[in-house]
>>> print(open('upload-v7.cif').read())   # mmCIF, C-alpha atoms
data_data
loop_
_atom_site.label_atom_id
_atom_site.label_comp_id
_atom_site.auth_asym_id
_atom_site.auth_seq_id
_atom_site.Cartn_x
_atom_site.Cartn_y
_atom_site.Cartn_z
CA MET A 1 0.00 0.00 0.00
CA ARG A 2 1.64 3.20 -1.21
CA ASP A 3 1.80 6.50 0.62
CA VAL A 4 -0.05 9.50 -0.78
CA ALA A 5 0.93 13.17 -0.83
CA ILE A 6 -0.61 16.48 -1.79
CA VAL A 7 1.71 17.85 -4.47
CA GLY A 8 -0.31 20.72 -5.90
CA VAL A 9 -2.80 23.30 -4.65
CA GLY A 10 -4.59 26.07 -6.49
CA TRP A 11 -7.42 28.44 -5.68
CA TYR A 12 -9.37 31.37 -6.98
CA GLY A 13 -11.71 33.73 -5.19
CA PHE A 14 -12.12 33.93 -1.42
CA LYS A 15 -14.43 36.89 -2.08
CA PRO A 16 -18.04 37.60 -1.07
CA THR A 17 -18.88 37.88 -4.77
CA THR A 18 -17.07 37.08 -8.04
CA PRO A 19 -19.11 38.62 -10.87
CA GLU A 20 -16.10 38.45 -13.21
CA VAL A 21 -16.22 34.63 -13.50
CA SER A 22 -18.69 31.76 -13.77
CA PHE A 23 -18.23 28.72 -11.55
CA ARG A 24 -16.65 26.93 -14.53
CA GLU A 25 -14.13 29.73 -15.05
CA MET A 26 -13.37 29.71 -11.33
CA MET A 27 -12.64 25.98 -11.53
CA PHE A 28 -10.32 26.58 -14.49
CA GLU A 29 -8.38 29.34 -12.74
CA ALA A 30 -7.87 27.18 -9.65
CA ALA A 31 -6.86 24.17 -11.76
CA VAL A 32 -4.23 26.12 -13.74
CA ARG A 33 -2.61 27.22 -10.48
CA ALA A 34 -2.73 23.71 -8.99
CA TYR A 35 -1.12 22.09 -12.03
CA GLU A 36 1.63 24.69 -12.06
CA ASP A 37 2.20 24.08 -8.35
CA ALA A 38 2.50 20.36 -9.11
CA GLY A 39 5.53 20.84 -11.33
CA GLY A 40 3.62 21.92 -14.42
CA ILE A 41 1.78 18.63 -14.73
CA ASP A 42 -0.34 18.11 -17.88
CA PRO A 43 -3.87 17.05 -16.86
CA ARG A 44 -4.60 15.59 -20.30
CA SER A 45 -1.83 13.02 -20.10
CA GLU A 46 -0.49 12.85 -16.53
CA VAL A 47 -3.64 12.76 -14.37
CA ASP A 48 -5.38 9.40 -14.00
CA ALA A 49 -8.73 10.53 -12.56
CA PHE A 50 -10.67 13.64 -11.54
CA VAL A 51 -13.03 14.08 -8.57
CA THR A 52 -15.49 16.93 -8.07
CA CYS A 53 -17.49 17.58 -4.90
CA GLU A 54 -20.60 19.60 -5.62
CA GLU A 55 -24.37 19.67 -5.24
CA ASP A 56 -26.83 20.47 -8.03
CA PHE A 57 -29.00 22.52 -5.69
CA TRP A 58 -26.18 25.00 -5.10
CA GLU A 59 -25.43 25.28 -8.83
CA GLY A 60 -29.06 25.66 -9.89
CA ILE A 61 -28.33 23.23 -12.74
CA SER A 62 -29.32 19.59 -13.04
CA ILE A 63 -26.35 17.22 -13.42
CA ALA A 64 -23.99 20.19 -12.94
CA ASP A 65 -20.98 17.86 -12.97
CA GLU A 66 -21.30 17.66 -16.76
CA PHE A 67 -19.49 21.00 -16.75
CA VAL A 68 -16.52 19.63 -14.77
CA PRO A 69 -14.21 17.87 -17.29
CA ASP A 70 -13.52 20.86 -19.56
CA PRO A 71 -12.31 23.35 -16.88
CA LEU A 72 -10.12 20.68 -15.24
CA GLY A 73 -8.61 19.33 -18.45
CA GLY A 74 -10.34 16.02 -17.85
CA THR A 75 -12.31 15.62 -21.07
CA LEU A 76 -12.65 11.93 -22.00
CA ARG A 77 -10.81 10.98 -18.80
CA PRO A 78 -12.22 9.19 -15.71
CA THR A 79 -14.25 11.85 -13.87
CA TYR A 80 -16.76 11.37 -11.09
CA THR A 81 -18.78 13.39 -8.60
CA ILE A 82 -19.24 13.17 -4.86
CA PRO A 83 -22.30 15.20 -3.78
CA GLY A 84 -20.74 16.13 -0.46
CA ASP A 85 -17.94 17.94 1.30
CA GLY A 86 -14.53 18.24 -0.35
CA LEU A 87 -12.70 16.21 2.31
CA ILE A 88 -14.77 13.18 1.28
CA GLY A 89 -13.37 13.70 -2.22
CA ILE A 90 -9.84 13.80 -0.79
CA ALA A 91 -10.49 10.50 1.01
CA SER A 92 -11.81 8.96 -2.20
CA ALA A 93 -8.78 10.09 -4.22
CA PHE A 94 -6.47 8.90 -1.43
CA MET A 95 -7.97 5.40 -1.61
CA LYS A 96 -7.72 5.31 -5.39
CA ILE A 97 -3.99 5.96 -5.25
CA LYS A 98 -3.57 3.47 -2.41
CA THR A 99 -4.87 0.69 -4.68
CA GLY A 100 -1.92 1.09 -7.03
CA ALA A 101 -4.22 1.52 -10.03
CA PHE A 102 -3.84 5.32 -10.04
CA ASP A 103 -0.74 7.49 -9.64
CA VAL A 104 -2.19 11.02 -9.82
CA VAL A 105 -5.74 12.12 -8.93
CA VAL A 106 -7.18 15.65 -8.94
CA VAL A 107 -9.86 16.80 -6.48
CA GLU A 108 -11.97 19.92 -7.06
CA SER A 109 -14.72 21.73 -5.21
CA HIS A 110 -16.10 25.25 -5.38
CA SER A 111 -18.65 27.68 -4.05
CA LYS A 112 -20.42 30.25 -6.20
CA ALA A 113 -22.67 31.22 -3.31
CA SER A 114 -23.15 34.76 -4.62
CA ASP A 115 -25.26 33.30 -7.45
CA ILE A 116 -27.71 31.68 -5.02
CA LEU A 117 -30.91 33.65 -4.52
CA THR A 118 -32.68 31.22 -2.16
CA TYR A 119 -29.99 29.85 0.15
CA ASP A 120 -32.32 29.44 3.14
CA LYS A 121 -34.95 27.70 1.01
CA ILE A 122 -32.40 25.18 -0.24
CA LEU A 123 -31.45 24.37 3.34
CA HIS A 124 -35.13 24.05 4.21
CA PHE A 125 -35.64 21.66 1.28
CA ALA A 126 -33.00 19.36 2.79
CA LEU A 127 -35.15 18.79 5.89
CA ASP A 128 -37.20 15.63 6.29
CA PRO A 129 -40.24 16.17 4.02
CA ILE A 130 -42.69 14.35 6.29
CA TYR A 131 -41.77 15.26 9.86
CA HIS A 132 -39.69 18.45 9.79
CA ARG A 133 -40.19 20.51 6.65
CA PRO A 134 -43.92 21.05 7.36
CA LEU A 135 -42.99 22.79 10.62
CA LYS A 136 -41.75 25.69 8.46
CA PHE A 137 -39.01 26.64 10.90
CA HIS A 138 -35.92 28.39 9.59
CA PRO A 139 -33.21 25.68 9.16
CA TYR A 140 -30.94 27.49 11.63
CA HIS A 141 -33.30 26.46 14.43
CA ILE A 142 -31.37 23.16 14.39
CA ALA A 143 -28.17 25.03 15.23
CA GLY A 144 -29.98 26.89 18.00
CA LEU A 145 -31.24 23.68 19.57
CA GLU A 146 -27.85 22.00 19.31
CA ALA A 147 -25.99 25.01 20.69
CA ARG A 148 -28.40 25.28 23.60
CA LYS A 149 -27.90 21.61 24.47
CA TYR A 150 -24.11 21.85 24.21
CA LEU A 151 -23.98 24.92 26.46
CA GLU A 152 -26.18 23.18 29.01
CA VAL A 153 -24.07 20.01 29.12
CA SER A 154 -20.67 21.76 29.09
CA GLY A 155 -21.61 24.49 31.55
CA ALA A 156 -20.58 27.14 29.03
CA ASP A 157 -22.60 30.18 27.96
CA ARG A 158 -22.92 32.56 25.04
CA SER A 159 -19.71 34.35 26.01
CA HIS A 160 -17.74 31.26 24.98
CA MET A 161 -19.33 31.34 21.55
CA ALA A 162 -18.37 35.01 21.36
CA MET A 163 -14.80 34.11 22.30
CA VAL A 164 -14.61 31.77 19.30
CA VAL A 165 -15.91 34.53 17.03
CA ALA A 166 -13.45 37.10 18.36
CA LYS A 167 -10.51 34.68 18.13
CA ASN A 168 -11.20 33.58 14.57
CA LYS A 169 -12.11 36.96 13.12
CA ASN A 170 -9.00 38.52 14.67
CA ASN A 171 -6.89 35.63 13.32
CA ALA A 172 -8.37 36.30 9.88
CA LEU A 173 -7.01 39.85 9.89
CA ALA A 174 -3.54 38.37 9.35
CA ASN A 175 -4.67 36.05 6.54
CA PRO A 176 -4.53 37.78 3.12
CA MET A 177 -7.15 35.35 1.76
CA ALA A 178 -9.76 36.12 4.43
CA SER A 179 -12.60 38.49 3.54
CA TYR A 180 -14.31 38.54 6.92
CA GLY A 181 -11.55 39.40 9.36
CA ALA A 182 -12.43 41.99 11.97
CA LYS A 183 -10.91 43.52 15.07
CA ILE A 184 -13.72 42.76 17.46
CA THR A 185 -14.03 41.95 21.14
CA VAL A 186 -16.09 39.38 22.97
CA GLU A 187 -18.44 42.18 24.00
CA ASP A 188 -18.90 43.19 20.35
CA ALA A 189 -19.83 39.63 19.44
CA MET A 190 -22.27 39.39 22.34
CA ASP A 191 -24.18 42.41 21.00
CA SER A 192 -25.00 40.74 17.67
CA ARG A 193 -28.66 40.29 16.67
CA MET A 194 -30.15 36.93 17.66
CA VAL A 195 -31.10 34.48 14.90
CA ALA A 196 -31.84 31.19 16.69
CA ASP A 197 -31.12 31.58 20.40
CA PRO A 198 -28.30 31.30 21.43
CA VAL A 199 -26.92 31.62 17.87
CA SER A 200 -26.64 35.24 16.70
CA GLU A 201 -25.76 36.70 13.30
CA ILE A 202 -22.06 36.99 14.07
CA ASP A 203 -21.92 33.33 15.20
CA ILE A 204 -22.71 32.25 11.62
CA ALA A 205 -19.99 32.13 8.95
CA PRO A 206 -20.96 34.32 5.97
CA LEU A 207 -20.94 32.83 2.49
CA VAL A 208 -17.94 33.13 0.17
CA ASP A 209 -17.07 32.41 -3.47
CA VAL A 210 -14.01 30.21 -4.01
CA GLY A 211 -12.73 27.44 -6.23
CA ILE A 212 -10.06 25.03 -4.94
CA VAL A 213 -8.13 22.24 -6.70
CA PHE A 214 -5.77 19.68 -5.16
CA VAL A 215 -3.38 17.32 -6.92
CA LEU A 216 -2.63 14.06 -5.08
CA ALA A 217 0.16 11.69 -6.08
CA ALA A 218 1.73 8.39 -5.08
CA ASP A 219 4.98 8.42 -3.12
CA SER A 220 6.99 7.16 -6.12
CA ILE A 221 6.50 10.42 -8.00
CA ALA A 222 5.46 12.93 -5.31
CA LYS A 223 8.86 14.54 -4.79
CA LYS A 224 9.43 14.73 -8.55
CA LEU A 225 6.34 16.94 -8.80
CA ASN A 226 6.85 19.09 -5.71
CA GLU A 227 9.86 19.44 -3.44
CA LYS A 228 7.55 20.05 -0.45
CA PRO A 229 4.90 17.32 -0.61
CA ILE A 230 2.45 17.14 2.27
CA TRP A 231 1.69 13.56 3.27
CA ILE A 232 -1.80 12.29 4.04
CA LYS A 233 -1.35 9.94 7.00
CA GLY A 234 -4.97 9.11 7.68
CA VAL A 235 -8.53 9.76 6.52
CA GLY A 236 -11.89 9.12 8.14
CA TRP A 237 -15.53 9.97 7.56
CA ALA A 238 -18.93 9.28 9.09
CA THR A 239 -22.58 10.12 8.55
CA GLY A 240 -25.08 10.32 11.37
CA THR A 241 -28.84 10.50 11.32
CA PRO A 242 -30.75 13.54 10.03
CA SER A 243 -33.63 12.64 12.35
CA TYR A 244 -34.29 15.03 15.23
CA GLU A 245 -35.65 12.11 17.23
CA LEU A 246 -32.45 10.03 16.95
CA LYS A 247 -29.85 12.79 16.79
CA VAL A 248 -27.15 13.14 19.47
CA TRP A 249 -27.48 16.82 20.37
CA ASP A 250 -24.64 17.44 22.82
CA GLU A 251 -21.64 16.21 20.79
CA ALA A 252 -20.42 15.89 17.20
CA LEU A 253 -20.59 12.11 17.06
CA TYR A 254 -19.88 11.99 13.32
CA ALA A 255 -16.60 13.87 13.89
CA ARG A 256 -15.62 11.60 16.77
CA ILE A 257 -16.15 8.48 14.63
CA ALA A 258 -14.31 10.02 11.65
CA ALA A 259 -11.39 11.05 13.88
CA ARG A 260 -11.14 7.58 15.38
CA MET A 261 -10.91 6.12 11.86
CA ALA A 262 -8.29 8.64 10.69
CA TYR A 263 -6.21 8.30 13.86
CA ARG A 264 -6.17 4.53 13.62
CA MET A 265 -4.90 4.75 10.05
CA ALA A 266 -2.27 7.36 10.97
CA GLY A 267 -1.16 5.56 14.14
CA VAL A 268 -2.20 8.47 16.38
CA SER A 269 -2.93 7.48 19.96
CA ASP A 270 -2.49 10.88 21.63
CA PRO A 271 -3.87 13.66 19.41
CA TRP A 272 -2.82 16.41 21.82
CA ASN A 273 0.86 15.55 21.33
CA ALA A 274 0.55 14.41 17.72
CA PHE A 275 -0.50 17.74 16.19
CA ASP A 276 0.82 21.29 16.12
CA PHE A 277 -2.51 22.84 15.10
CA ALA A 278 -6.05 22.00 14.02
CA GLU A 279 -8.35 23.37 11.33
CA VAL A 280 -11.93 22.51 12.28
CA ASP A 281 -15.34 23.45 10.95
CA ASP A 282 -16.70 26.58 12.64
CA ARG A 283 -19.53 27.68 10.36
CA PHE A 284 -21.38 28.13 13.65
CA SER A 285 -19.18 29.33 16.50
CA TYR A 286 -20.31 26.68 19.01
CA LYS A 287 -19.43 23.96 16.48
CA GLU A 288 -15.73 24.73 16.89
CA LEU A 289 -15.95 23.72 20.54
CA MET A 290 -17.88 20.54 19.75
CA HIS A 291 -15.44 19.57 17.03
CA ILE A 292 -12.40 20.19 19.24
CA GLU A 293 -13.79 17.72 21.75
CA ALA A 294 -14.72 15.21 19.04
CA LEU A 295 -11.11 15.28 17.80
CA GLY A 296 -9.85 14.42 21.28
CA LEU A 297 -8.11 17.78 21.75
CA ALA A 298 -10.18 18.33 24.88
CA SER A 299 -12.36 16.09 27.03
CA LYS A 300 -16.12 16.38 26.65
CA GLY A 301 -17.27 19.70 28.06
CA GLU A 302 -13.70 20.97 28.59
CA ALA A 303 -13.16 22.96 25.37
CA PRO A 304 -14.74 26.18 26.74
CA LYS A 305 -12.32 26.17 29.68
CA TYR A 306 -9.31 25.68 27.38
CA LEU A 307 -10.62 28.48 25.20
CA GLU A 308 -10.71 30.82 28.19
CA ASP A 309 -7.10 29.89 29.01
CA GLY A 310 -5.93 30.84 25.50
CA THR A 311 -4.99 27.26 24.60
CA PHE A 312 -6.61 27.48 21.15
CA HIS A 313 -5.13 30.87 20.22
CA ILE A 314 -2.05 31.30 18.04
CA GLY A 315 0.79 30.90 20.51
CA GLY A 316 -1.30 28.64 22.74
CA GLY A 317 -0.79 24.95 23.36
CA MET A 318 -3.03 23.87 20.47
CA PRO A 319 -3.85 26.63 17.95
CA VAL A 320 -7.27 26.02 16.40
CA ASN A 321 -8.22 27.75 13.16
CA PRO A 322 -5.16 30.02 13.03
CA SER A 323 -6.29 30.87 9.49
CA GLY A 324 -9.43 32.54 10.82
CA GLY A 325 -11.67 29.56 10.18
CA LEU A 326 -14.86 29.76 8.18
CA LEU A 327 -15.97 32.64 10.40
CA GLY A 328 -13.07 34.63 8.93
CA LEU A 329 -12.68 33.06 5.50
CA GLY A 330 -16.33 32.32 4.76
CA ASN A 331 -18.65 29.35 4.36
CA ALA A 332 -17.67 27.78 1.04
CA LEU A 333 -20.49 25.23 0.92
CA GLU A 334 -19.14 21.88 -0.39
CA ALA A 335 -15.66 23.41 -0.71
CA SER A 336 -15.44 24.23 3.01
CA GLY A 337 -13.45 21.09 3.80
CA LEU A 338 -10.97 21.96 1.06
CA VAL A 339 -10.67 25.49 2.49
CA LYS A 340 -9.60 23.89 5.77
CA LEU A 341 -7.22 21.54 3.99
CA LEU A 342 -5.68 24.35 1.98
CA MET A 343 -4.97 26.35 5.13
CA ALA A 344 -3.33 23.29 6.73
CA VAL A 345 -1.18 22.57 3.66
CA LEU A 346 0.06 26.16 3.63
CA GLN A 347 0.92 25.84 7.33
CA LEU A 348 2.91 22.67 6.80
CA ARG A 349 4.74 24.14 3.82
CA GLY A 350 5.69 27.18 5.84
CA GLU A 351 3.68 29.37 3.44
CA ALA A 352 0.92 30.55 5.79
CA TYR A 353 2.06 34.14 5.54
CA GLY A 354 0.67 36.21 8.39
CA PHE A 355 -0.72 33.27 10.37
CA GLN A 356 2.18 30.82 10.33
CA ILE A 357 2.65 28.46 13.29
CA LYS A 358 6.35 28.10 14.14
CA ASP A 359 7.85 24.71 13.26
CA ALA A 360 4.49 23.16 12.33
CA SER A 361 5.04 19.58 11.15
CA ALA A 362 1.68 17.85 11.64
CA GLY A 363 -1.95 18.94 11.72
CA VAL A 364 -5.50 17.64 11.73
CA VAL A 365 -8.27 18.91 9.46
CA GLN A 366 -11.98 18.33 10.11
CA SER A 367 -15.07 19.18 8.07
CA TRP A 368 -18.84 19.15 8.47
CA ARG A 369 -21.40 19.49 5.71
CA GLY A 370 -23.65 21.87 7.64
CA VAL A 371 -27.26 21.82 8.78
CA PRO A 372 -29.31 19.71 8.63
CA THR A 373 -26.67 16.98 8.17
CA ASP A 374 -24.58 14.97 10.60
CA THR A 375 -21.83 14.23 8.09
CA GLY A 376 -18.14 14.97 8.44
CA ALA A 377 -14.59 13.92 7.62
CA VAL A 378 -11.12 14.10 9.18
CA VAL A 379 -7.69 14.15 7.50
CA VAL A 380 -4.33 13.82 9.27
CA LEU A 381 -1.39 15.57 7.56
CA SER A 382 2.37 15.72 8.01
CA ASN A 383 5.33 17.29 6.19
CA GLU A 384 7.82 14.79 7.59
CA GLY A 385 7.92 12.37 4.68
CA VAL A 386 6.89 8.82 4.03
CA VAL A 387 6.27 6.57 7.04
#
>>> encode(input="upload-v7.cif", output="structure tokens")
Amino acid sequence: MRDVAIVGVGWYGFKPTTPEVSFREMMFEAAVRAYEDAGGIDPRSEVDAFVTCEEDFWEGISIADEFVPDPLGGTLRPTYTIPGDGLIGIASAFMKIKTGAFDVVVVESHSKASDILTYDKILHFALDPIYHRPLKFHPYHIAGLEARKYLEVSGADRSHMAMVVAKNKNNALANPMASYGAKITVEDAMDSRMVADPVSEIDIAPLVDVGIVFVLAADSIAKKLNEKPIWIKGVGWATGTPSYELKVWDEALYARIAARMAYRMAGVSDPWNAFDFAEVDDRFSYKELMHIEALGLASKGEAPKYLEDGTFHIGGGMPVNPSGGLLGLGNALEASGLVKLLMAVLQLRGEAYGFQIKDASAGVVQSWRGVPTDTGAVVVLSNEGVV
């Protein structure tokens, strides 16, 4: 079983709106940069398969993946779609290369959220059509219920959610890719207008337009394509129930299961000492705390206390979302997991200008698909070569 590395990354956007390009042009721009980063690889002859992670409802086009091969240079080549988060696509490409049947696989995902006129209605359409959609609640009520339960069980309060917001938006000020950085205080965040108690407007990551492309390669050719390959040591994923009646409300069980799978593959027994930083999904501020605990970086209910102590800040014992997270960079829909992965790859390359962690050699990346799902993935990364 061969080892797998990320040898090329490319992106376009990270803006609230991109009227100058279509989603297909955004994919092309990101792909050109990724192929150049991977030693000038030719997608028409040197890439064995292409993966796209997208959802027709976001595109507003049926079978939107028909538009994928041309922008990626994958015409008449093996191309397939995963209607889910980008980290699931990374896991799929990783496994393809592991089989020995593929040497180079490209993974793409994007968000053209500024084209969406009915974002809330699309979320509402994802609710159970028999039991939940007829209630006609705004979909964010799920986040409100979950946040309320987590705060109750952990003993935290809204101020801890505000601390996450302040930390991440201030981190984002140092990230040149982040559109939503802000110099705000915990008090500023506490004053935000309520949406679904205890979740306020500022607790919700705003939407962003971005296209991201990754090139993955087998160990035999990785260093020929990029002198700083980033090795994927483990992947994991899990899907929970969408049912309110069966849902676990006080923890991110899907993330815990995905982390257990990824850690087992990577040989990680003590995540606190295994990683130098973490990039976790924070499209709602309270979710960062839940995901930290699910990854084993804090015991259940302990993340708020560590947050108070500064443990998760840059310079703390375990920096979390030093990039600014989705609260600072923006909610990129199905590309959100790849946003996290991109920030981690830049860290491990020593190219996270403005938000670099000193001597970072290993990190963990976690994604969540958003309400109303209980689906997520975890990827363990290292820059220390083949194991």
>>> closest_residue(input="upload-v7.cif", among="A:Ala38, A:Val371, A:Val339, A:Pro271", to="His141 of chain A", atoms="only C-alpha atoms")
A:Val371
>>> resolve_selection(input="upload-v7.cif", expression="the PyMOL selection byres ((chain A and resi 87) around 10)", output="JSON, numbers by chain")
{"A": [53, 84, 85, 86, 88, 89, 90, 91, 92, 93, 107, 109, 235, 236, 237, 334, 335, 336, 337, 338, 339, 340, 341, 365, 366, 367, 368, 369, 376, 377, 378, 379]}
>>> resolve_selection(input="upload-v7.cif", expression="the PyMOL selection byres ((chain A and resi 37) around 9)", output="PDB file with C-alpha atoms, in the coordinates of the input")
ATOM      1  CA  VAL A   7       1.710  17.850  -4.470  1.00  0.00           C
ATOM      2  CA  GLY A   8      -0.310  20.720  -5.900  1.00  0.00           C
ATOM      3  CA  VAL A   9      -2.800  23.300  -4.650  1.00  0.00           C
ATOM      4  CA  GLY A  10      -4.590  26.070  -6.490  1.00  0.00           C
ATOM      5  CA  VAL A  32      -4.230  26.120 -13.740  1.00  0.00           C
ATOM      6  CA  ARG A  33      -2.610  27.220 -10.480  1.00  0.00           C
ATOM      7  CA  ALA A  34      -2.730  23.710  -8.990  1.00  0.00           C
ATOM      8  CA  TYR A  35      -1.120  22.090 -12.030  1.00  0.00           C
ATOM      9  CA  GLU A  36       1.630  24.690 -12.060  1.00  0.00           C
ATOM     10  CA  ALA A  38       2.500  20.360  -9.110  1.00  0.00           C
ATOM     11  CA  GLY A  39       5.530  20.840 -11.330  1.00  0.00           C
ATOM     12  CA  GLY A  40       3.620  21.920 -14.420  1.00  0.00           C
ATOM     13  CA  ILE A  41       1.780  18.630 -14.730  1.00  0.00           C
ATOM     14  CA  VAL A 215      -3.380  17.320  -6.920  1.00  0.00           C
ATOM     15  CA  LEU A 225       6.340  16.940  -8.800  1.00  0.00           C
ATOM     16  CA  ASN A 226       6.850  19.090  -5.710  1.00  0.00           C
TER      17      ASN A 226
END
>>> resolve_selection(input="upload-v7.cif", expression="the PyMOL selection byres ((chain A and resi 298-312) around 10)", output="ChimeraX atom specification")
/A:150-157,159-161,163-164,167,250-251,271-272,277-278,286,288-297,313-322
>>> atom_distance(input="upload-v7.cif", atom1="atom CA of Leu127 of chain A", atom2="atom CA of Ala252 of chain A")
18.8 Å
>>> closest_atom_pairs(input="upload-v7.cif", of="segment 191-262 of chain A", to="segment 69-75 of chain A", cutoff="12 Å", atoms="all atoms listed in the file", output="CSV")
residue,atom,partner,partner_atom,distance
A:Gly211,CA,A:Pro71,CA,11.4
A:Ile212,CA,A:Leu72,CA,11.2
A:Val213,CA,A:Leu72,CA,8.9
A:Phe214,CA,A:Leu72,CA,11.0
A:Val215,CA,A:Leu72,CA,11.2
>>> atom_distance(input="upload-v7.cif", atom1="atom CA of Leu329 of chain A", atom2="atom CA of Asn171 of chain A")
10.1 Å
>>> atom_distance(input="upload-v7.cif", atom1="atom CA of Glu55 of chain A", atom2="atom CA of Met194 of chain A")
29.3 Å
>>> closest_residue(input="upload-v7.cif", among="A:Arg158, A:Lys233, A:Arg24, A:Arg2", to="Val364 of chain A", atoms="all atoms listed in the file")
A:Lys233
>>> residues_near_point(input="upload-v7.cif", point="(-19.8, 13.5, -12.4)", cutoff="10 Å", atoms="all atoms listed in the file", output="CSV table (one decimal) with C-alpha atoms, in the frame of the given file")
chain,number,residue,atom,x,y,z
A,50,PHE,CA,-10.7,13.6,-11.5
A,51,VAL,CA,-13.0,14.1,-8.6
A,52,THR,CA,-15.5,16.9,-8.1
A,53,CYS,CA,-17.5,17.6,-4.9
A,54,GLU,CA,-20.6,19.6,-5.6
A,63,ILE,CA,-26.4,17.2,-13.4
A,64,ALA,CA,-24.0,20.2,-12.9
A,65,ASP,CA,-21.0,17.9,-13.0
A,66,GLU,CA,-21.3,17.7,-16.8
A,67,PHE,CA,-19.5,21.0,-16.8
A,68,VAL,CA,-16.5,19.6,-14.8
A,69,PRO,CA,-14.2,17.9,-17.3
A,78,PRO,CA,-12.2,9.2,-15.7
A,79,THR,CA,-14.2,11.8,-13.9
A,80,TYR,CA,-16.8,11.4,-11.1
A,81,THR,CA,-18.8,13.4,-8.6
A,82,ILE,CA,-19.2,13.2,-4.9
A,83,PRO,CA,-22.3,15.2,-3.8
>>> residues_around(input="upload-v7.cif", residues="Ala205 of chain A", least_positions_apart="6", cutoff="6 Å", atoms="all atoms listed in the file", output="PyMOL selection string")
chain A and resi 283+326-327+330-331
>>> closest_residue(input="upload-v7.cif", among="A:Gly324, A:Glu146, A:Ile232, A:Ile357", to="Met265 of chain A", atoms="all atoms listed in the file")
A:Ile232
>>> residues_around(input="upload-v7.cif", residues="segment 352-356 of chain A", least_positions_apart="4", cutoff="7 Å", atoms="only C-alpha atoms", output="JSON, numbers by chain")
{"A": [174, 175, 322, 323, 346, 347]}
>>> residues_around(input="upload-v7.cif", residues="Thr241 of chain A", least_positions_apart="4", cutoff="8 Å", atoms="only C-alpha atoms", output="list in words")
Leu246, Lys247, Thr373 and Asp374 of chain A
>>> decode(input="upload-v7.cif", residues="segment 167-213 of chain A", atoms="C-alpha atoms", output="JSON list (two decimals), in the first residue's frame")
[["chain", "number", "residue", "atom", "x", "y", "z"],
["A", 167, "LYS", "CA", -10.51, 34.68, 18.13],
["A", 168, "ASN", "CA", -11.20, 33.58, 14.57],
["A", 169, "LYS", "CA", -12.11, 36.96, 13.12],
["A", 170, "ASN", "CA", -9.00, 38.52, 14.67],
["A", 171, "ASN", "CA", -6.89, 35.63, 13.32],
["A", 172, "ALA", "CA", -8.37, 36.30, 9.88],
["A", 173, "LEU", "CA", -7.01, 39.85, 9.89],
["A", 174, "ALA", "CA", -3.54, 38.37, 9.35],
["A", 175, "ASN", "CA", -4.67, 36.05, 6.54],
["A", 176, "PRO", "CA", -4.53, 37.78, 3.12],
["A", 177, "MET", "CA", -7.15, 35.35, 1.76],
["A", 178, "ALA", "CA", -9.76, 36.12, 4.43],
["A", 179, "SER", "CA", -12.60, 38.49, 3.54],
["A", 180, "TYR", "CA", -14.31, 38.54, 6.92],
["A", 181, "GLY", "CA", -11.55, 39.40, 9.36],
["A", 182, "ALA", "CA", -12.43, 41.99, 11.97],
["A", 183, "LYS", "CA", -10.91, 43.52, 15.07],
["A", 184, "ILE", "CA", -13.72, 42.76, 17.46],
["A", 185, "THR", "CA", -14.03, 41.95, 21.14],
["A", 186, "VAL", "CA", -16.09, 39.38, 22.97],
["A", 187, "GLU", "CA", -18.44, 42.18, 24.00],
["A", 188, "ASP", "CA", -18.90, 43.19, 20.35],
["A", 189, "ALA", "CA", -19.83, 39.63, 19.44],
["A", 190, "MET", "CA", -22.27, 39.39, 22.34],
["A", 191, "ASP", "CA", -24.18, 42.41, 21.00],
["A", 192, "SER", "CA", -25.00, 40.74, 17.67],
["A", 193, "ARG", "CA", -28.66, 40.29, 16.67],
["A", 194, "MET", "CA", -30.15, 36.93, 17.66],
["A", 195, "VAL", "CA", -31.10, 34.48, 14.90],
["A", 196, "ALA", "CA", -31.84, 31.19, 16.69],
["A", 197, "ASP", "CA", -31.12, 31.58, 20.40],
["A", 198, "PRO", "CA", -28.30, 31.30, 21.43],
["A", 199, "VAL", "CA", -26.92, 31.62, 17.87],
["A", 200, "SER", "CA", -26.64, 35.24, 16.70],
["A", 201, "GLU", "CA", -25.76, 36.70, 13.30],
["A", 202, "ILE", "CA", -22.06, 36.99, 14.07],
["A", 203, "ASP", "CA", -21.92, 33.33, 15.20],
["A", 204, "ILE", "CA", -22.71, 32.25, 11.62],
["A", 205, "ALA", "CA", -19.99, 32.13, 8.95],
["A", 206, "PRO", "CA", -20.96, 34.32, 5.97],
["A", 207, "LEU", "CA", -20.94, 32.83, 2.49],
["A", 208, "VAL", "CA", -17.94, 33.13, 0.17],
["A", 209, "ASP", "CA", -17.07, 32.41, -3.47],
["A", 210, "VAL", "CA", -14.01, 30.21, -4.01],
["A", 211, "GLY", "CA", -12.73, 27.44, -6.23],
["A", 212, "ILE", "CA", -10.06, 25.03, -4.94],
["A", 213, "VAL", "CA", -8.13, 22.24, -6.70]]
